[in-house]
Amino acid sequence: MAGGMGGGGWSMLRSMRSKDDVAGHKVSRETGRRIVDFARPYRRDILVFLATVVVSAVIGVATPVLAGWVVNAITKGGSDAGATVIRLAVIIAVLAVADALFSLAQRWYSARIGEGIILDLRTQVYDHVQRMPLQFFTRTQTGALVSRLNNDVLGAQRAFTTTLSGVVSNIIQLVLTAGVMFTLSWQITVLSLILLPIFIIPARRVGRRLAEITRESYNLDAKMNATMTERFGVSGALLVKLFGRPEVEAARFAARAERVRDIGIQSAMYSRTFFVAMLLVASLAQALTYGLGGWLAVTGAVSAGTVVTLALLLTRLYGPLTALSNVRVDVMSALVSFDRVFEVLDLTPSIAEKPDAVALPRGDGRVEFRDVWFRYPSAAEVSLASLEDVAALDRQANEPVLKGVSFTVEPGQMVALVGPSGAGKSTTSMLLSRVYDVTDGAVRVGGVDVRDATLGSLRDEIGVVTQDSHLFHETIAENLRYAKPDATDEELWAALRGAQIADLVRSLPDGLETVVGERGYRFSGGEKQRIAIARLLLKAPSIVVLDEATAHLDSESEAAVQRALSVALTGRTALVIAHRLSTVRDADQILVLDDGRVVERGRHDELVAVGGLYAELYRTQFAVAASPAPLVADAQEPVTTIPMHEYVVADEALPPAAAN
């Protein structure tokens, strides 16, 4: 009894749990069309899958009918009754074996379709998200984005497996079962359906309560996951230890975990109550069937086999009825999941390669900025409200960050960008590497507009070292080969030697196979920077961008990084963003930016003599006379300096991850 009823009952319960999630959500016809297009590669598998579902449903109805014939053969008696019973029993056995085989085939095709859809959706979403602009990642909640790749993709997958097979199987079972039952005895069939509302109405109330506590459980789980993600990260763990609050954190986590435990107990009891009620109502309906059917059999209106058949068929009637009563919610849940996935896929990446893009000339390090204007895109242009957990996105256009910037860097030259916080220095470097595209004007590399170049050749020509170079939680070798996947160990060691860190790596027990830890936290800031420089040397670009590559380092680490940088810059065009003016004293040209404009340009001595903004910054930074530490191989430890300015991200309208 439980086996026949369980599927439909639990399907109904799942439907009621998710009903609130799809309430009021409208799915367009376009979404339906795209789902059909998406399923087209699997159409043959889907047809075979549905055929196995139909056959299984037919066998499910045929077996009770054959059981009734067995009873009739026994009660009728006669010389051939034994042979008839054996023949029917063999047929029932054959159908059972066939049903088992079809069940396996159904599961195989279901898994093939479902996992294939998961693969396609996840790879498409992942690839698409990778192409989104940097500001998309600075605005989006990482957990919400990961949820699209996990929960919503799984929800969409269920549309072609659980929901599709459930709808088809339930409809066929319901039609066949009801048809056979009415044919055998319409009186018994009507009586058996009288108790159906007694089951459905209380079940809906249980479902609503389950939805409430389940939603609370999901919220608590999300908060606990967020807490663990933050506190188990290196930075979070360090903060907890420094402030000595592990007991407070443990108590807060325990309070949430205890509530999840209580909800789990309530959910288990509600679910069990629902299941017991379902069995009880079905058993009562079966009792009515036996009562009325038995009376009709005694009076000769129906045969005993008919009563048995009706009782068995009844177990296959309640499940489909309850499941189909909520099929709209099941379908809508699947459609909403598809809609949410398509919502991400419909975001247009702001950086795209033109169909007729050309490769940049290899080794030509000439850089030109021609009357460049730039503003950061509004939230509505790069993000989704659902990914930011806000009601609506800001559509107001941002003010320009760069206003008519023009300059040229000849091959092999080093040009420095300096200026107060918010002047537009980091933004300028991002336009060169095409993290963003200019709003107006043009950025050229080797005489080619970067928007007309292939993205691959642009990445090959330009290498960037930031103030906090990121290392993946992988080995040193894997982090280095991110720049050149086919690099040999000899090439890796050559890059490490050039970055002045080969001796350190050799001293490690695992050498190149040393795992760097989350974000490279197993190494100091200076060591991380030199590994990043080794990665740059392995890439061997003709243009190097240094975005505060020595910021936040102590004197010894800065000197080591500067020696590594001197190797990295040899023979290459360099665009250097610096707060410490000592590091750019020997630049071929210094550009002073203020409020998005180049207000001064020239060499160090010339700018100091002019007495403008650069001279003011220089005097502020070097209140104590000392020798500067230029980017040369024999650089001395830089003098103690007074920080020029604190960076304020809002001043430059930079995303937090891009602030220098």
# chains A, B, ... in the order shown; residues from 1 in each chain; ligands from 1
call {"tool": "residues_around", "arguments": {"residues": "Ala568 (chain A)", "least_positions_apart": "4", "cutoff": "9 Å", "atoms": "only C-alpha atoms", "output": "PyMOL selection string"}}
result
chain A and resi 498-499+533-534+536-537+540+544+563-564+572
call {"tool": "write_last_selection", "arguments": {"atoms": "C-alpha atoms", "output": "mmCIF file, in the first residue's frame"}}
result
data_model
loop_
_atom_site.group_PDB
_atom_site.id
_atom_site.type_symbol
_atom_site.label_atom_id
_atom_site.label_comp_id
_atom_site.auth_asym_id
_atom_site.auth_seq_id
_atom_site.Cartn_x
_atom_site.Cartn_y
_atom_site.Cartn_z
ATOM 1 C CA GLY A 498 64.098 35.942 -12.406
ATOM 2 C CA ALA A 499 61.570 36.772 -9.680
ATOM 3 C CA ILE A 533 56.070 38.263 -10.907
ATOM 4 C CA ALA A 534 57.388 34.791 -11.797
ATOM 5 C CA LEU A 536 54.346 37.308 -15.320
ATOM 6 C CA LEU A 537 57.853 36.379 -16.508
ATOM 7 C CA ALA A 540 56.541 37.025 -21.230
ATOM 8 C CA VAL A 544 53.650 45.247 -18.167
ATOM 9 C CA ARG A 563 64.753 43.620 -7.739
ATOM 10 C CA ALA A 564 62.359 41.084 -9.252
ATOM 11 C CA ARG A 572 59.338 45.801 -21.918
#
call {"tool": "closest_residue", "arguments": {"among": "A:Ser469, A:Gln187, A:Ser283, A:Thr583", "to": "Leu312 (chain A)", "atoms": "only C-alpha atoms"}}
result
A:Ser283
call {"tool": "residues_around", "arguments": {"residues": "Ala96 (chain A)", "least_positions_apart": "3", "cutoff": "10 Å", "atoms": "only C-alpha atoms", "output": "list in words"}}
result
Ser56, Ile59, Gly60, Thr63, Val90, Ile91, Ile92, Ala93, Asp99, Ala100, Leu101 and Phe102 of chain A
call {"tool": "residues_around", "arguments": {"residues": "Asp468 (chain A)", "least_positions_apart": "4", "cutoff": "8 Å", "atoms": "only C-alpha atoms", "output": "list in words"}}
result
Gly525, Gln529 and Ala549 of chain A
call {"tool": "atom_distance", "arguments": {"atom1": "CA of Ala297 (chain A)", "atom2": "CA of Thr309 (chain A)"}}
result
12.6 Å
call {"tool": "closest_residue", "arguments": {"among": "A:Asn170, A:Thr163, A:Asn72, A:Ser378", "to": "Arg139 (chain A)", "atoms": "only C-alpha atoms"}}
result
A:Ser378
call {"tool": "residues_around", "arguments": {"residues": "Glu600 (chain A)", "least_positions_apart": "4", "cutoff": "12 Å", "atoms": "only C-alpha atoms", "output": "PyMOL selection string"}}
result
chain A and resi 405-407+416-419+589-594+604+606-608+610-615
call {"tool": "write_last_selection", "arguments": {"atoms": "N, CA and C atoms", "output": "tab-separated table (two decimals), in the first residue's frame"}}
result
chain	number	residue	atom	x	y	z
A	405	VAL	N	41.59	61.76	-21.58
A	405	VAL	CA	42.98	61.39	-21.28
A	405	VAL	C	43.69	60.98	-22.56
A	406	SER	N	44.85	61.59	-22.80
A	406	SER	CA	45.65	61.26	-23.98
A	406	SER	C	47.12	61.17	-23.59
A	407	PHE	N	47.79	60.11	-24.02
A	407	PHE	CA	49.24	59.98	-23.85
A	407	PHE	C	49.71	58.81	-24.69
A	416	ALA	N	54.78	56.44	-15.71
A	416	ALA	CA	54.16	56.32	-14.39
A	416	ALA	C	52.90	57.15	-14.31
A	417	LEU	N	51.89	56.61	-13.65
A	417	LEU	CA	50.65	57.33	-13.37
A	417	LEU	C	50.61	57.61	-11.88
A	418	VAL	N	50.56	58.88	-11.52
A	418	VAL	CA	50.50	59.26	-10.11
A	418	VAL	C	49.38	60.28	-9.94
A	419	GLY	N	49.02	60.51	-8.70
A	419	GLY	CA	47.97	61.48	-8.42
A	419	GLY	C	47.23	61.09	-7.16
A	589	GLN	N	58.53	59.01	-18.37
A	589	GLN	CA	57.52	60.07	-18.33
A	589	GLN	C	56.58	59.81	-17.15
A	590	ILE	N	56.25	60.87	-16.45
A	590	ILE	CA	55.31	60.78	-15.34
A	590	ILE	C	54.07	61.56	-15.70
A	591	LEU	N	52.92	60.90	-15.61
A	591	LEU	CA	51.64	61.55	-15.87
A	591	LEU	C	50.94	61.77	-14.53
A	592	VAL	N	50.57	63.01	-14.26
A	592	VAL	CA	49.88	63.34	-13.03
A	592	VAL	C	48.40	63.49	-13.33
A	593	LEU	N	47.59	62.60	-12.74
A	593	LEU	CA	46.14	62.64	-12.96
A	593	LEU	C	45.45	63.30	-11.78
A	594	ASP	N	44.44	64.07	-12.08
A	594	ASP	CA	43.62	64.68	-11.04
A	594	ASP	C	42.23	64.86	-11.61
A	604	HIS	N	60.70	63.44	-13.54
A	604	HIS	CA	60.64	63.77	-12.11
A	604	HIS	C	61.18	65.17	-11.82
A	606	GLU	N	61.72	67.70	-13.74
A	606	GLU	CA	60.95	68.77	-14.37
A	606	GLU	C	59.68	69.08	-13.58
A	607	LEU	N	59.00	68.04	-13.13
A	607	LEU	CA	57.74	68.25	-12.41
A	607	LEU	C	57.97	68.85	-11.04
A	608	VAL	N	59.06	68.45	-10.40
A	608	VAL	CA	59.37	69.06	-9.10
A	608	VAL	C	59.68	70.54	-9.27
A	610	VAL	N	58.55	72.54	-11.56
A	610	VAL	CA	57.36	73.32	-11.92
A	610	VAL	C	56.60	73.78	-10.69
A	611	GLY	N	56.64	72.99	-9.64
A	611	GLY	CA	55.96	73.38	-8.41
A	611	GLY	C	54.47	73.18	-8.42
A	612	GLY	N	53.99	72.24	-9.23
A	612	GLY	CA	52.55	71.97	-9.30
A	612	GLY	C	52.12	70.88	-8.35
A	613	LEU	N	51.10	70.11	-8.77
A	613	LEU	CA	50.53	69.06	-7.93
A	613	LEU	C	51.56	67.99	-7.59
A	614	TYR	N	52.38	67.58	-8.59
A	614	TYR	CA	53.38	66.55	-8.34
A	614	TYR	C	54.37	67.01	-7.28
A	615	ALA	N	54.81	68.23	-7.39
A	615	ALA	CA	55.76	68.75	-6.41
A	615	ALA	C	55.14	68.78	-5.01
call {"tool": "closest_residue", "arguments": {"among": "A:Thr428, A:Thr183, A:Gln173, A:Asn398", "to": "Val54 (chain A)", "atoms": "only C-alpha atoms"}}
result
A:Gln173
call {"tool": "closest_residue", "arguments": {"among": "A:Val545, A:Leu324, A:Leu310, A:Val167", "to": "Lys425 (chain A)", "atoms": "only C-alpha atoms"}}
result
A:Val545
call {"tool": "select_by_dssp", "arguments": {"residues": "region 425-522 of chain A", "states": "strand (DSSP E or B)", "output": "list of chain:residue names"}}
result
A:Asp440, A:Gly441, A:Ala442, A:Val443, A:Arg444, A:Val445, A:Val448, A:Asp449, A:Ala453, A:Ile462, A:Gly463, A:Val464, A:Val465, A:Thr466, A:Thr475, A:Val515
call {"tool": "atom_distance", "arguments": {"atom1": "CA of Asp605 (chain A)", "atom2": "CA of Ala560 (chain A)"}}
result
26.2 Å
call {"tool": "select_by_dssp", "arguments": {"residues": "region 291-475 of chain A", "states": "helix (DSSP H, G or I)", "output": "number ranges by chain"}}
result
A: 291-298, 304-324, 327-345, 379-382, 385-388, 425-432, 450-452, 455-461
call {"tool": "atom_distance", "arguments": {"atom1": "CA of Val448 (chain A)", "atom2": "CA of Gln413 (chain A)"}}
result
18.5 Å
call {"tool": "closest_residue", "arguments": {"among": "A:Ala442, A:Leu496, A:Val281, A:Arg43", "to": "Val567 (chain A)", "atoms": "only C-alpha atoms"}}
result
A:Leu496
call {"tool": "residues_around", "arguments": {"residues": "region 339-342 of chain A", "least_positions_apart": "3", "cutoff": "7 Å", "atoms": "only C-alpha atoms", "output": "ChimeraX atom specification"}}
result
/A:27,31,148,152-153,335-336,345-346
call {"tool": "residues_around", "arguments": {"residues": "Phe136 (chain A)", "least_positions_apart": "2", "cutoff": "6 Å", "atoms": "only C-alpha atoms", "output": "VMD selection string"}}
result
chain A and resid 133 to 134 138 to 139 382 to 383
call {"tool": "closest_residue", "arguments": {"among": "A:Leu581, A:Val53, A:Ile194, A:Ala251", "to": "Leu104 (chain A)", "atoms": "only C-alpha atoms"}}
result
A:Val53
